[in-house]
$ cat run29.json   # JSON, C-alpha atoms and all ligand atoms
[["chain", "number", "residue", "atom", "x", "y", "z"],
["A", 193, "MET", "CA", 61.72, 67.70, 164.76],
["A", 194, "LYS", "CA", 62.12, 70.17, 161.90],
["A", 195, "HIS", "CA", 65.59, 71.65, 161.53],
["A", 196, "LYS", "CA", 66.67, 74.87, 159.87],
["A", 197, "LEU", "CA", 69.00, 73.75, 157.09],
["A", 198, "GLU", "CA", 71.31, 76.06, 155.15],
["A", 199, "LEU", "CA", 73.52, 74.65, 152.43],
["A", 200, "ILE", "CA", 76.47, 76.91, 151.70],
["A", 201, "TYR", "CA", 78.38, 76.62, 148.45],
["A", 202, "PHE", "CA", 79.82, 78.42, 145.45],
["A", 203, "LYS", "CA", 78.94, 79.00, 141.81],
["A", 204, "MET", "CA", 79.73, 75.58, 140.40],
["A", 205, "ARG", "CA", 77.93, 72.36, 139.58],
["A", 206, "ALA", "CA", 79.92, 70.04, 141.77],
["A", 207, "LEU", "CA", 79.79, 68.75, 145.35],
["A", 208, "ALA", "CA", 76.58, 70.46, 146.45],
["A", 209, "GLU", "CA", 74.67, 68.80, 143.64],
["A", 210, "ALA", "CA", 74.10, 65.37, 145.23],
["A", 211, "PRO", "CA", 72.90, 66.97, 148.51],
["A", 212, "ARG", "CA", 70.53, 69.21, 146.52],
["A", 213, "LEU", "CA", 69.16, 66.22, 144.62],
["A", 214, "LEU", "CA", 68.67, 64.26, 147.83],
["A", 215, "PHE", "CA", 66.97, 67.20, 149.56],
["A", 216, "HIS", "CA", 64.54, 67.47, 146.67],
["A", 217, "TYR", "CA", 63.97, 63.73, 146.48],
["A", 218, "THR", "CA", 63.23, 63.50, 150.21],
["A", 219, "ASN", "CA", 61.18, 66.69, 150.12],
["A", 220, "ILE", "CA", 63.19, 68.24, 152.95],
["A", 221, "GLU", "CA", 63.12, 72.03, 153.02],
["A", 222, "TYR", "CA", 66.51, 73.78, 152.96],
["A", 223, "GLU", "CA", 68.03, 77.06, 151.86],
["A", 224, "ASP", "CA", 70.64, 77.17, 149.16],
["A", 225, "LEU", "CA", 73.08, 80.00, 149.76],
["A", 226, "MET", "CA", 76.26, 81.28, 148.18],
["A", 227, "SER", "CA", 79.12, 81.68, 150.64],
["A", 228, "TRP", "CA", 79.34, 85.45, 150.01],
["A", 229, "ASP", "CA", 75.62, 85.93, 150.59],
["A", 230, "TYR", "CA", 75.64, 83.96, 153.84],
["A", 231, "TYR", "CA", 78.80, 85.49, 155.30],
["A", 232, "ALA", "CA", 78.83, 88.86, 153.47],
["A", 233, "LYS", "CA", 82.58, 88.33, 153.08],
["A", 234, "GLU", "CA", 84.96, 87.07, 150.41],
["A", 235, "TRP", "CA", 85.73, 83.34, 150.48],
["A", 236, "SER", "CA", 89.38, 84.00, 151.39],
["A", 237, "ASP", "CA", 88.21, 85.65, 154.64],
["A", 238, "VAL", "CA", 85.68, 82.93, 155.40],
["A", 239, "LYS", "CA", 87.80, 79.86, 154.57],
["A", 240, "PRO", "CA", 90.06, 79.83, 157.68],
["A", 241, "ASN", "CA", 87.02, 79.60, 159.96],
["A", 242, "ILE", "CA", 85.25, 76.74, 158.19],
["A", 243, "PRO", "CA", 85.79, 73.42, 160.04],
["A", 244, "PHE", "CA", 87.51, 71.72, 157.09],
["A", 245, "LYS", "CA", 88.21, 74.91, 155.11],
["A", 246, "GLN", "CA", 86.12, 73.83, 152.14],
["A", 247, "LEU", "CA", 82.52, 73.81, 150.98],
["A", 248, "PRO", "CA", 79.83, 72.57, 150.70],
["A", 249, "MET", "CA", 78.83, 72.92, 154.32],
["A", 250, "LEU", "CA", 75.43, 72.36, 155.84],
["A", 251, "ILE", "CA", 74.50, 74.57, 158.78],
["A", 252, "VAL", "CA", 71.91, 72.98, 161.02],
["A", 253, "ASP", "CA", 69.81, 75.20, 163.26],
["A", 254, "LYS", "CA", 72.37, 78.04, 162.94],
["A", 255, "LYS", "CA", 74.58, 75.98, 165.24],
["A", 256, "HIS", "CA", 76.06, 72.78, 163.79],
["A", 257, "GLU", "CA", 78.45, 73.08, 160.84],
["A", 258, "ILE", "CA", 78.59, 69.89, 158.78],
["A", 259, "CYS", "CA", 81.37, 69.78, 156.21],
["A", 260, "GLN", "CA", 82.21, 67.02, 153.71],
["A", 261, "SER", "CA", 79.59, 66.36, 151.08],
["A", 262, "MET", "CA", 79.39, 62.64, 151.90],
["A", 263, "ALA", "CA", 78.69, 63.40, 155.57],
["A", 264, "ILE", "CA", 75.97, 65.77, 154.40],
["A", 265, "MET", "CA", 74.49, 62.99, 152.24],
["A", 266, "THR", "CA", 74.44, 60.54, 155.14],
["A", 267, "PHE", "CA", 72.89, 63.17, 157.39],
["A", 268, "ILE", "CA", 70.07, 63.87, 154.91],
["A", 269, "GLU", "CA", 69.44, 60.16, 154.47],
["A", 270, "ASN", "CA", 69.17, 59.75, 158.25],
["A", 271, "LEU", "CA", 66.98, 62.81, 158.59],
["A", 272, "ALA", "CA", 64.61, 61.48, 155.93],
["A", 273, "GLY", "CA", 64.55, 58.05, 157.57],
["A", 274, "ILE", "CA", 65.69, 56.32, 154.40],
["A", 275, "ASN", "CA", 69.06, 55.17, 155.74],
["A", 276, "ILE", "CA", 69.98, 51.63, 154.81],
["A", 277, "THR", "CA", 69.75, 49.63, 158.02],
["A", 278, "ASP", "CA", 71.10, 46.28, 156.83],
["A", 279, "PRO", "CA", 74.86, 46.48, 157.64],
["A", 280, "ILE", "CA", 75.92, 44.60, 154.51],
["A", 281, "LEU", "CA", 73.77, 46.64, 152.15],
["A", 282, "ASN", "CA", 74.82, 49.79, 153.95],
["A", 283, "ALA", "CA", 78.50, 48.93, 153.42],
["A", 284, "LYS", "CA", 77.85, 48.18, 149.75],
["A", 285, "ALA", "CA", 76.03, 51.50, 149.37],
["A", 286, "ASN", "CA", 78.98, 53.29, 150.97],
["A", 287, "ALA", "CA", 81.38, 51.57, 148.58],
["A", 288, "ILE", "CA", 79.27, 52.75, 145.64],
["A", 289, "MET", "CA", 79.10, 56.27, 147.07],
["A", 290, "GLN", "CA", 82.85, 56.51, 147.66],
["A", 291, "SER", "CA", 83.70, 55.02, 144.29],
["A", 292, "ALA", "CA", 81.50, 57.57, 142.56],
["A", 293, "GLN", "CA", 82.85, 60.38, 144.72],
["A", 294, "GLU", "CA", 86.40, 59.57, 143.58],
["A", 295, "LEU", "CA", 85.29, 60.76, 140.14],
["A", 296, "PHE", "CA", 85.13, 64.29, 141.58],
["A", 297, "MET", "CA", 88.77, 64.97, 140.79],
["A", 298, "PRO", "CA", 89.51, 65.81, 138.02],
["A", 299, "LEU", "CA", 86.04, 65.56, 136.43],
["A", 300, "ASN", "CA", 84.28, 68.35, 138.35],
["A", 301, "PRO", "CA", 86.97, 71.06, 138.23],
["A", 302, "THR", "CA", 87.59, 70.33, 134.54],
["A", 303, "VAL", "CA", 83.94, 70.73, 133.53],
["A", 304, "ASN", "CA", 83.42, 73.76, 135.76],
["A", 305, "PHE", "CA", 86.63, 75.64, 135.04],
["A", 306, "ALA", "CA", 88.99, 74.30, 132.36],
["A", 307, "THR", "CA", 89.04, 75.94, 128.95],
["A", 308, "GLY", "CA", 90.56, 75.44, 125.50],
["A", 309, "GLU", "CA", 93.60, 73.19, 125.19],
["A", 310, "LYS", "CA", 93.76, 72.60, 128.95],
["A", 311, "PHE", "CA", 90.21, 71.23, 128.87],
["A", 312, "LYS", "CA", 91.11, 68.88, 125.99],
["A", 313, "LYS", "CA", 94.27, 67.66, 127.69],
["A", 314, "LYS", "CA", 92.52, 67.03, 131.01],
["A", 315, "ARG", "CA", 89.69, 65.22, 129.20],
["A", 316, "GLU", "CA", 92.15, 62.98, 127.41],
["A", 317, "ASP", "CA", 94.15, 62.28, 130.58],
["A", 318, "MET", "CA", 91.15, 61.31, 132.67],
["A", 319, "LEU", "CA", 89.45, 59.15, 130.05],
["A", 320, "PRO", "CA", 91.03, 55.80, 131.10],
["A", 321, "PHE", "CA", 90.05, 56.39, 134.74],
["A", 322, "LEU", "CA", 86.51, 57.38, 133.81],
["A", 323, "MET", "CA", 86.09, 54.35, 131.55],
["A", 324, "SER", "CA", 87.39, 52.01, 134.22],
["A", 325, "ARG", "CA", 85.20, 53.46, 136.99],
["A", 326, "PHE", "CA", 82.10, 53.56, 134.76],
["A", 327, "GLU", "CA", 82.77, 49.90, 133.90],
["A", 328, "ASP", "CA", 82.86, 49.07, 137.63],
["A", 329, "LEU", "CA", 79.65, 50.96, 138.27],
["A", 330, "GLU", "CA", 77.93, 49.31, 135.32],
["A", 331, "LYS", "CA", 79.00, 45.92, 136.66],
["A", 332, "ALA", "CA", 77.68, 46.76, 140.14],
["A", 333, "MET", "CA", 74.30, 47.67, 138.61],
["A", 334, "LYS", "CA", 74.15, 44.54, 136.51],
["A", 335, "ASN", "CA", 75.03, 42.39, 139.53],
["A", 336, "ASN", "CA", 71.81, 43.29, 141.25],
["A", 337, "ASP", "CA", 68.30, 43.05, 139.95],
["A", 338, "LYS", "CA", 67.17, 46.37, 141.38],
["A", 339, "LYS", "CA", 66.25, 49.56, 139.61],
["A", 340, "PHE", "CA", 68.93, 51.54, 141.48],
["A", 341, "PHE", "CA", 72.23, 50.53, 143.09],
["A", 342, "ILE", "CA", 70.73, 49.10, 146.29],
["A", 343, "HIS", "CA", 66.95, 49.21, 146.16],
["A", 344, "ASP", "CA", 64.14, 49.91, 143.74],
["A", 345, "GLU", "CA", 64.02, 53.43, 145.18],
["A", 346, "PRO", "CA", 67.08, 55.70, 145.12],
["A", 347, "ARG", "CA", 69.27, 56.28, 148.15],
["A", 348, "ALA", "CA", 72.16, 58.70, 148.84],
["A", 349, "CYS", "CA", 74.67, 56.64, 146.86],
["A", 350, "ASP", "CA", 72.48, 56.82, 143.75],
["A", 351, "PHE", "CA", 72.46, 60.61, 143.75],
["A", 352, "VAL", "CA", 76.25, 60.77, 144.11],
["A", 353, "VAL", "CA", 76.64, 58.44, 141.14],
["A", 354, "PHE", "CA", 74.00, 60.38, 139.23],
["A", 355, "HIS", "CA", 75.78, 63.69, 139.68],
["A", 356, "HIS", "CA", 79.14, 62.50, 138.40],
["A", 357, "LEU", "CA", 77.72, 60.51, 135.47],
["A", 358, "ASP", "CA", 75.48, 63.39, 134.52],
["A", 359, "LEU", "CA", 78.42, 65.82, 134.65],
["A", 360, "SER", "CA", 80.49, 63.50, 132.45],
["A", 361, "LYS", "CA", 78.07, 64.25, 129.61],
["A", 362, "MET", "CA", 79.42, 67.79, 129.59],
["A", 363, "LEU", "CA", 82.97, 66.52, 129.40],
["A", 364, "ASP", "CA", 82.22, 64.13, 126.58],
["A", 365, "PRO", "CA", 78.67, 62.92, 125.86],
["A", 366, "SER", "CA", 79.95, 59.79, 124.12],
["A", 367, "ILE", "CA", 81.40, 58.19, 127.29],
["A", 368, "ILE", "CA", 78.13, 57.34, 129.00],
["A", 369, "LYS", "CA", 76.73, 55.95, 125.75],
["A", 370, "LYS", "CA", 79.14, 53.02, 126.10],
["A", 371, "PHE", "CA", 77.35, 52.00, 129.31],
["A", 372, "PRO", "CA", 73.68, 51.25, 128.55],
["A", 373, "ARG", "CA", 72.83, 50.12, 132.09],
["A", 374, "LEU", "CA", 74.19, 53.38, 133.48],
["A", 375, "GLU", "CA", 72.27, 55.37, 130.87],
["A", 376, "LYS", "CA", 69.12, 53.59, 131.97],
["A", 377, "PHE", "CA", 69.99, 54.40, 135.59],
["A", 378, "LEU", "CA", 70.29, 58.10, 134.70],
["A", 379, "GLU", "CA", 66.92, 58.01, 132.95],
["A", 380, "ASP", "CA", 65.32, 56.31, 135.96],
["A", 381, "ILE", "CA", 66.67, 58.94, 138.36],
["A", 382, "MET", "CA", 65.61, 61.75, 136.02],
["A", 383, "SER", "CA", 62.10, 60.37, 135.81],
["A", 384, "VAL", "CA", 61.51, 60.61, 139.57],
["A", 385, "GLU", "CA", 59.08, 63.55, 139.66],
["A", 386, "SER", "CA", 60.65, 65.52, 142.55],
["A", 387, "VAL", "CA", 64.09, 65.09, 140.99],
["A", 388, "LYS", "CA", 62.88, 66.03, 137.52],
["A", 389, "SER", "CA", 61.34, 69.27, 138.77],
["A", 390, "TYR", "CA", 64.65, 70.20, 140.44],
["A", 391, "LEU", "CA", 66.66, 69.33, 137.33],
["A", 392, "ASP", "CA", 64.31, 71.37, 135.15],
["A", 393, "LYS", "CA", 64.82, 74.49, 137.21],
["A", 394, "ARG", "CA", 68.43, 74.27, 138.41],
["A", 395, "PRO", "CA", 70.95, 76.79, 137.04],
["A", 396, "GLU", "CA", 72.13, 75.72, 133.61],
["A", 397, "LEU", "CA", 75.85, 75.20, 133.17],
["A", 398, "ILE", "CA", 76.82, 76.75, 129.84],
["A", 399, "ASP", "CA", 79.90, 77.39, 127.71],
["A", 400, "VAL", "CA", 81.80, 74.43, 129.18],
["A", 401, "SER", "CA", 85.38, 74.32, 127.83],
["A", 402, "ILE", "CA", 85.03, 77.88, 126.50],
["A", 403, "GLU", "CA", 84.15, 80.12, 129.46],
["A", 404, "PRO", "CA", 81.95, 78.13, 131.86],
["A", 405, "LYS", "CA", 79.04, 79.97, 133.45],
["A", 406, "LEU", "CA", 76.01, 79.14, 135.56],
["A", 407, "VAL", "CA", 72.79, 80.79, 134.53],
["A", 408, "ILE", "CA", 71.36, 81.93, 137.85],
["A", 409, "ASP", "CA", 67.93, 83.56, 137.72],
["A", 410, "GLY", "CA", 68.42, 84.07, 134.02],
["A", 411, "VAL", "CA", 71.80, 85.76, 134.38],
["A", 412, "PRO", "CA", 74.96, 83.95, 133.14],
["A", 413, "GLN", "CA", 77.63, 84.19, 135.85],
["A", 414, "SER", "CA", 81.20, 82.91, 135.75],
["A", 415, "THR", "CA", 81.74, 79.78, 137.80],
["A", 416, "GLY", "CA", 83.93, 80.22, 140.87],
["A", 417, "VAL", "CA", 84.26, 81.12, 144.52],
["A", 418, "LYS", "CA", 83.69, 84.83, 143.99],
["A", 419, "LYS", "CA", 80.61, 86.99, 143.76],
["A", 420, "THR", "CA", 80.34, 88.52, 140.28],
["A", 501, "LIG", "N1", 86.01, 66.27, 150.40],
["A", 501, "LIG", "C1", 85.31, 67.52, 150.33],
["A", 501, "LIG", "C2", 85.88, 68.35, 149.19],
["A", 501, "LIG", "C3", 85.35, 69.76, 149.20],
["A", 501, "LIG", "C4", 85.94, 70.61, 148.10],
["A", 501, "LIG", "O1", 86.87, 70.20, 147.35],
["A", 501, "LIG", "N2", 85.42, 71.85, 147.98],
["A", 501, "LIG", "C5", 85.89, 72.79, 147.01],
["A", 501, "LIG", "C6", 84.79, 73.15, 146.02],
["A", 501, "LIG", "S1", 84.17, 71.75, 145.18],
["A", 501, "LIG", "C7", 86.30, 74.07, 147.73],
["A", 501, "LIG", "O2", 85.87, 74.35, 148.82],
["A", 501, "LIG", "N3", 87.15, 74.89, 147.07],
["A", 501, "LIG", "C8", 87.60, 76.15, 147.58],
["A", 501, "LIG", "C9", 88.85, 76.03, 148.41],
["A", 501, "LIG", "O3", 89.40, 74.93, 148.58],
["A", 501, "LIG", "O4", 89.31, 77.06, 148.90],
["A", 501, "LIG", "C10", 83.80, 67.25, 150.14],
["A", 501, "LIG", "O5", 83.43, 66.18, 149.65],
["A", 501, "LIG", "O6", 82.98, 68.10, 150.52]]

$ encode --input "run29.json" --output "structure tokens"
Amino acid sequence: MKHKLELIYFKMRALAEAPRLLFHYTNIEYEDLMSWDYYAKEWSDVKPNIPFKQLPMLIVDKKHEICQSMAIMTFIENLAGINITDPILNAKANAIMQSAQELFMPLNPTVNFATGEKFKKKREDMLPFLMSRFEDLEKAMKNNDKKFFIHDEPRACDFVVFHHLDLSKMLDPSIIKKFPRLEKFLEDIMSVESVKSYLDKRPELIDVSIEPKLVIDGVPQSTGVKKT
């Protein structure tokens, strides 16, 4: 059964990115909408009525509101029929997914919003955590003989890892270079044709650490939860 799928988010490259990547990888049609375009209201007026008061949220068939980006990832995986059925492998995939997701804070807000000295300070403060978590992820990759974290084809957990590692390049491109197996993983994800075509056309994130903007349909727009 084909569902109507509407992914609601803001102007930032953060928690909607893994769902977008997985939608493209699985070739599932969905609409990508800004909160203000979907609701025709400011975020502050919308927020109290969202089930967990944050986005992204996936609206299914104009009826079911699915919050929490990891729940959205699992839903897409199930919808596409690529869920990991082996309970052990599934648990390992979830551990990878959660461990990558913990990189969200403070990596994503820093890259999307911080500027000047605040950016530098946040980058310095988070470096030990990033190094340690990248080390763990590199080890997890080396401990299996697969192309991706679980299988030779990517699953939800791989796209969550991909997003955060990819974003780290905008914080400091030298970090990922210390982890050759993770760099290879990024290359392998980027060379999947359906993923590559999404990456080639997604809004570019520019002026990070100066005045971050997303270039949407050729127009640079400040990152944030407001229509500009
Ligand atoms: N655990 C949630 C976190 C969601 C979240 O932090 N959303 C932020 C944007 S990335 C948000 O809605 N910010 C606006 C607000 O909190 O009012 C998830 O994974 O979806």

$ residues_near_ligand --input "run29.json" --ligand "ligand LIG 501 (chain A)" --cutoff "8 Å" --atoms "all atoms listed in the file" --output "list of chain:residue names"
A:Tyr201, A:Phe202, A:Met204, A:Ala206, A:Leu207, A:Ala208, A:Trp235, A:Ser236, A:Lys239, A:Lys245, A:Gln246, A:Leu247, A:Pro248, A:Met249, A:Cys259, A:Gln260, A:Ser261, A:Met262, A:Gln293, A:Asn300, A:Pro301, A:Val417

$ residues_around --input "run29.json" --residues "range 333-350 of chain A" --least-positions-apart "6" --cutoff "7 Å" --atoms "all atoms listed in the file" --output "VMD selection string"
chain A and resid 214 265 to 266 269 285 to 286 288 to 289 377

$ residues_near_point --input "run29.json" --point "(84.2, 82.6, 129.8)" --cutoff "10 Å" --atoms "all atoms listed in the file" --output "VMD selection string"
chain A and resid 305 to 307 398 to 405 412 to 415

$ closest_residue --input "run29.json" --among "A:Phe296, A:Ala272, A:Leu397, A:Glu316" --to "His216 in chain A" --atoms "all atoms listed in the file"
A:Ala272

$ residues_around --input "run29.json" --residues "Leu199 in chain A" --least-positions-apart "6" --cutoff "7 Å" --atoms "only C-alpha atoms" --output "list of chain:residue names"
A:Glu223, A:Asp224, A:Leu225, A:Pro248, A:Met249, A:Leu250, A:Ile251

$ closest_residue --input "run29.json" --among "A:Leu197, A:Leu299, A:Ala210, A:Leu329" --to "Pro372 in chain A" --atoms "only C-alpha atoms"
A:Leu329

$ atom_distance --input "run29.json" --atom1 "CA of Leu213 in chain A" --atom2 "CA of Val387 in chain A"
6.3 Å

$ closest_residue --input "run29.json" --among "A:Lys418, A:His355, A:Lys388, A:Lys361" --to "Arg205 in chain A" --atoms "all atoms listed in the file"
A:His355

$ closest_residue --input "run29.json" --among "A:Ala332, A:Ile367, A:Val352, A:Ile258" --to "Pro320 in chain A" --atoms "all atoms listed in the file"
A:Ile367

$ closest_residue --input "run29.json" --among "A:Ile368, A:Ala287, A:Val303, A:Leu281" --to "Met323 in chain A" --atoms "only C-alpha atoms"
A:Ile368

$ atom_distance --input "run29.json" --atom1 "CA of Met226 in chain A" --atom2 "CA of Ile200 in chain A"
5.6 Å

$ atom_distance --input "run29.json" --atom1 "CA of Gly416 in chain A" --atom2 "CA of Asn304 in chain A"
8.3 Å

$ closest_residue --input "run29.json" --among "A:Val407, A:Met193, A:Leu322, A:Ile268" --to "Ser291 in chain A" --atoms "all atoms listed in the file"
A:Leu322

$ decode --input "run29.json" --residues "range 358-370 of chain A" --atoms "N, CA and C atoms" --output "mmCIF file, in the first residue's frame"
data_model
loop_
_atom_site.group_PDB
_atom_site.id
_atom_site.type_symbol
_atom_site.label_atom_id
_atom_site.label_comp_id
_atom_site.auth_asym_id
_atom_site.auth_seq_id
_atom_site.Cartn_x
_atom_site.Cartn_y
_atom_site.Cartn_z
ATOM 1 N N ASP A 358 29.565 13.188 7.855
ATOM 2 C CA ASP A 358 29.617 14.134 6.735
ATOM 3 C C ASP A 358 29.565 15.579 7.258
ATOM 4 N N LEU A 359 28.699 15.798 8.251
ATOM 5 C CA LEU A 359 28.581 17.152 8.811
ATOM 6 C C LEU A 359 29.864 17.566 9.538
ATOM 7 N N SER A 360 30.541 16.586 10.116
ATOM 8 C CA SER A 360 31.777 16.901 10.862
ATOM 9 C C SER A 360 32.832 17.533 9.959
ATOM 10 N N LYS A 361 32.737 17.255 8.659
ATOM 11 C CA LYS A 361 33.706 17.849 7.721
ATOM 12 C C LYS A 361 33.558 19.362 7.681
ATOM 13 N N MET A 362 32.356 19.832 8.000
ATOM 14 C CA MET A 362 32.136 21.292 7.978
ATOM 15 C C MET A 362 32.565 21.931 9.303
ATOM 16 N N LEU A 363 32.689 21.096 10.312
ATOM 17 C CA LEU A 363 33.203 21.594 11.585
ATOM 18 C C LEU A 363 34.715 21.690 11.504
ATOM 19 N N ASP A 364 35.304 20.595 11.003
ATOM 20 C CA ASP A 364 36.756 20.520 10.880
ATOM 21 C C ASP A 364 37.077 19.332 9.959
ATOM 22 N N PRO A 365 37.462 19.628 8.725
ATOM 23 C CA PRO A 365 37.670 18.539 7.750
ATOM 24 C C PRO A 365 38.806 17.590 8.117
ATOM 25 N N SER A 366 39.649 18.000 9.080
ATOM 26 C CA SER A 366 40.796 17.136 9.397
ATOM 27 C C SER A 366 40.400 15.966 10.308
ATOM 28 N N ILE A 367 39.259 16.049 10.992
ATOM 29 C CA ILE A 367 38.911 14.985 11.959
ATOM 30 C C ILE A 367 38.721 13.642 11.239
ATOM 31 N N ILE A 368 37.879 13.640 10.239
ATOM 32 C CA ILE A 368 37.552 12.375 9.563
ATOM 33 C C ILE A 368 38.790 11.754 8.900
ATOM 34 N N LYS A 369 39.730 12.593 8.537
ATOM 35 C CA LYS A 369 40.948 12.094 7.871
ATOM 36 C C LYS A 369 41.763 11.166 8.779
ATOM 37 N N LYS A 370 41.517 11.253 10.081
ATOM 38 C CA LYS A 370 42.235 10.373 11.015
ATOM 39 C C LYS A 370 41.620 8.968 11.048
#
